[in-house]
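One structure below.
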Amino acid sequence: MTKETEKQRWQRNFADLLQELRVAQTGVQILFAFLLTLPFSNGFDKTSAFQKDIYIVALLAAAAATAMIISPVAFHRALFRQGRKPELVRFAHRMASGGLAFMLIAMVSAVLLITDFVLDTGIALLLSGLTALWFLTFWMFLPFSRRSWGEDDPEEADDEPQSLSD
C-alpha cells in the first residue's frame with residue numbers, strides 16, 4: 001500500500017466532507033421547505049403566539065443551517081484552482097459543524113411546534129427535550145466519546161496533521 005501525499009489527503013478529506021454535506025443538505029432542505037409552506041396551510045391560523053415564536057426559531061435555524069451547509073460550495077468556487085485545499089477543508093469543516101448545530105435547533109424546534117400543537121405544552125417540552133438528547137447522543141456524545149479509537153493504529157489515525165488541526 002502506498003502512502004498518500006499531503007495533497008492527496010486534503011483532496012480525500014474534501015471529497016469525504018462533500019459526501020457528508022450532501023446527506024445533511026438534503027435533510028435540512030426538506031425541513032426548510034416544510035417550514036416555508038407551513039404558514040400557508042390550513043390550521044396555521046389556530047397556532048398560539050408561543051407556537052408562532054417556535055416556528056420563527058425553527059425557520060431561522062433551518063435557514064442558517066442551509067446557508068452554512070451550502071457555503072463550502074461558494075467558498076470552493078472562490079478558491080478554485082488556487083491550491084488552497086487545506087484552507088477550504090478547514091472552512092468546510094467549521095461550516096458543516098455550525099450547520100449541524102443550527103439543524104439540531106431547527107429540528108427540535110419543529111418537533112416542539114408540532115407536539116405543542118397536538119399535545120399539552122408540558123408533554124411537548126418533555127418530548128422535545130428527549131428529541132434534543134437523542135440527536136445530541138448520535139451527533140455529539142457518541143462521536144466525541146469515540147475520538148480516541150484507533151490511536152494505536154496509524155491507518156485509523158486522524159486525517160489531519162496535528163499542526164494544521166483546529
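In the C-alpha cells, chains take letters A, B, ... by order of appearance, with residues numbered from 1 within each chain and ligands from 1 in the order shown.
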*Tell me which protein, DNA and RNA residues are within 9 Å of Gly98 (chain A), counting only C-alpha atoms, leaving out same-chain ones fewer than 3 positions away, and put them as number ranges by chain.*
A: 64-65, 68-69, 93-95, 101-103
*Hey, which of A:Trp10, A:Phe117, A:Phe91, A:Phe32 ends up closest to Gln51 (chain A)? Count only C-alpha atoms.*
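Counting only C-alpha atoms, the residue closest to Gln51 (chain A) is A:Phe117.
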*Could you pull out all residues of region 7-159 of chain A with a DSSP call of helix (DSSP H, G or I) and give them as a PyMOL selection string?*
chain A and resi 7-40+44-46+49-79+85-118+121-145+154-156
Written file, previous selection with C-alpha atoms, as a compact mmCIF listing (two decimals), in the first residue's frame:
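Dumped to result.txt:
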```txt
# COMPACT_ATOMS: atom_id res chain seq x y z
CA LYS A 7 -2.15 16.98 -1.23
CA GLN A 8 -3.94 13.66 -1.80
CA ARG A 9 -5.01 13.56 1.85
CA TRP A 10 -6.51 17.07 1.63
CA GLN A 11 -8.29 16.09 -1.60
CA ARG A 12 -9.68 12.95 0.06
CA ASN A 13 -10.73 14.92 3.15
CA PHE A 14 -12.55 17.40 0.93
CA ALA A 15 -14.30 14.62 -1.04
CA ASP A 16 -15.35 12.92 2.22
CA LEU A 17 -16.68 16.19 3.59
CA LEU A 18 -18.66 16.86 0.41
CA GLN A 19 -20.31 13.44 0.72
CA GLU A 20 -21.30 14.23 4.32
CA LEU A 21 -22.65 17.63 3.31
CA ARG A 22 -24.82 16.05 0.60
CA VAL A 23 -26.60 13.97 3.25
CA ALA A 24 -27.05 16.90 5.64
CA GLN A 25 -28.09 19.25 2.84
CA THR A 26 -30.95 17.01 1.77
CA GLY A 27 -32.31 16.78 5.31
CA VAL A 28 -32.12 20.49 6.02
CA GLN A 29 -33.63 21.41 2.65
CA ILE A 30 -36.64 19.14 3.25
CA LEU A 31 -37.18 20.63 6.70
CA PHE A 32 -36.72 24.17 5.38
CA ALA A 33 -39.21 23.55 2.55
CA PHE A 34 -41.75 22.18 5.03
CA LEU A 35 -41.31 25.22 7.26
CA LEU A 36 -41.64 27.62 4.34
CA THR A 37 -45.00 26.15 3.37
CA LEU A 38 -46.42 25.74 6.88
CA PRO A 39 -47.89 29.27 7.29
CA PHE A 40 -49.89 28.80 4.10
CA PHE A 44 -51.77 27.62 10.94
CA ASP A 45 -54.04 30.47 11.99
CA LYS A 46 -55.01 28.34 15.02
CA ALA A 49 -48.27 33.06 19.98
CA PHE A 50 -45.83 30.60 21.61
CA GLN A 51 -46.14 28.24 18.64
CA LYS A 52 -45.59 31.08 16.19
CA ASP A 53 -42.44 32.06 18.12
CA ILE A 54 -41.23 28.44 17.93
CA TYR A 55 -41.98 28.46 14.22
CA ILE A 56 -39.81 31.57 13.70
CA VAL A 57 -36.94 29.94 15.64
CA ALA A 58 -37.25 26.76 13.56
CA LEU A 59 -37.48 28.69 10.28
CA LEU A 60 -34.47 30.92 11.00
CA ALA A 61 -32.41 27.99 12.29
CA ALA A 62 -33.23 25.99 9.16
CA ALA A 63 -32.25 28.98 7.01
CA ALA A 64 -28.96 29.34 8.90
CA ALA A 65 -28.27 25.61 8.60
CA THR A 66 -28.97 25.72 4.88
CA ALA A 67 -26.64 28.67 4.39
CA MET A 68 -23.81 27.09 6.37
CA ILE A 69 -24.11 23.64 4.82
CA ILE A 70 -24.16 25.03 1.28
CA SER A 71 -21.44 27.67 1.91
CA PRO A 72 -18.47 25.34 1.17
CA VAL A 73 -19.64 25.27 -2.46
CA ALA A 74 -19.38 29.07 -2.72
CA PHE A 75 -16.05 29.02 -0.89
CA HIS A 76 -14.75 26.36 -3.28
CA ARG A 77 -15.83 28.47 -6.28
CA ALA A 78 -13.98 31.49 -4.87
CA LEU A 79 -10.78 29.49 -4.21
CA LYS A 85 -7.42 22.96 -0.33
CA PRO A 86 -6.32 22.85 3.36
CA GLU A 87 -8.00 26.21 3.97
CA LEU A 88 -11.11 25.05 2.14
CA VAL A 89 -11.30 21.79 4.13
CA ARG A 90 -10.95 23.62 7.46
CA PHE A 91 -13.60 26.18 6.45
CA ALA A 92 -15.97 23.47 5.21
CA HIS A 93 -15.48 21.53 8.46
CA ARG A 94 -16.44 24.60 10.51
CA MET A 95 -19.44 25.36 8.33
CA ALA A 96 -20.63 21.74 8.45
CA SER A 97 -20.33 21.73 12.25
CA GLY A 98 -22.18 25.03 12.56
CA GLY A 99 -24.79 23.89 10.06
CA LEU A 100 -25.42 20.73 12.07
CA ALA A 101 -25.84 22.81 15.23
CA PHE A 102 -28.45 25.00 13.52
CA MET A 103 -30.10 21.91 12.05
CA LEU A 104 -30.39 20.48 15.57
CA ILE A 105 -32.11 23.69 16.72
CA ALA A 106 -34.42 23.65 13.69
CA MET A 107 -35.39 20.01 14.11
CA VAL A 108 -36.01 20.22 17.84
CA SER A 109 -37.98 23.45 17.34
CA ALA A 110 -40.06 21.79 14.62
CA VAL A 111 -40.78 18.86 16.94
CA LEU A 112 -41.75 21.30 19.69
CA LEU A 113 -44.00 23.22 17.30
CA ILE A 114 -45.88 20.12 16.16
CA THR A 115 -46.08 18.42 19.57
CA ASP A 116 -47.24 21.63 21.25
CA PHE A 117 -49.94 21.97 18.59
CA VAL A 118 -51.32 18.47 19.24
CA THR A 121 -47.22 22.05 26.46
CA GLY A 122 -45.57 20.09 29.28
CA ILE A 123 -45.59 16.86 27.29
CA ALA A 124 -44.43 18.74 24.18
CA LEU A 125 -41.48 20.21 26.10
CA LEU A 126 -40.58 16.77 27.50
CA LEU A 127 -40.73 15.11 24.08
CA SER A 128 -38.72 17.93 22.51
CA GLY A 129 -36.09 17.67 25.24
CA LEU A 130 -35.86 13.92 24.63
CA THR A 131 -35.56 14.61 20.90
CA ALA A 132 -32.68 17.00 21.57
CA LEU A 133 -30.94 14.39 23.75
CA TRP A 134 -31.47 11.77 21.05
CA PHE A 135 -29.85 13.95 18.39
CA LEU A 136 -27.04 15.02 20.72
CA THR A 137 -26.34 11.37 21.55
CA PHE A 138 -25.77 10.44 17.92
CA TRP A 139 -24.33 13.72 16.67
CA MET A 140 -22.09 14.65 19.60
CA PHE A 141 -21.82 12.33 22.60
CA LEU A 142 -21.09 9.08 20.74
CA PRO A 143 -18.74 10.57 18.12
CA PHE A 144 -16.71 12.53 20.67
CA SER A 145 -16.55 9.59 23.06
CA PRO A 154 -1.65 4.56 12.13
CA GLU A 155 -4.15 3.53 9.43
CA GLU A 156 -7.01 4.72 11.66
```
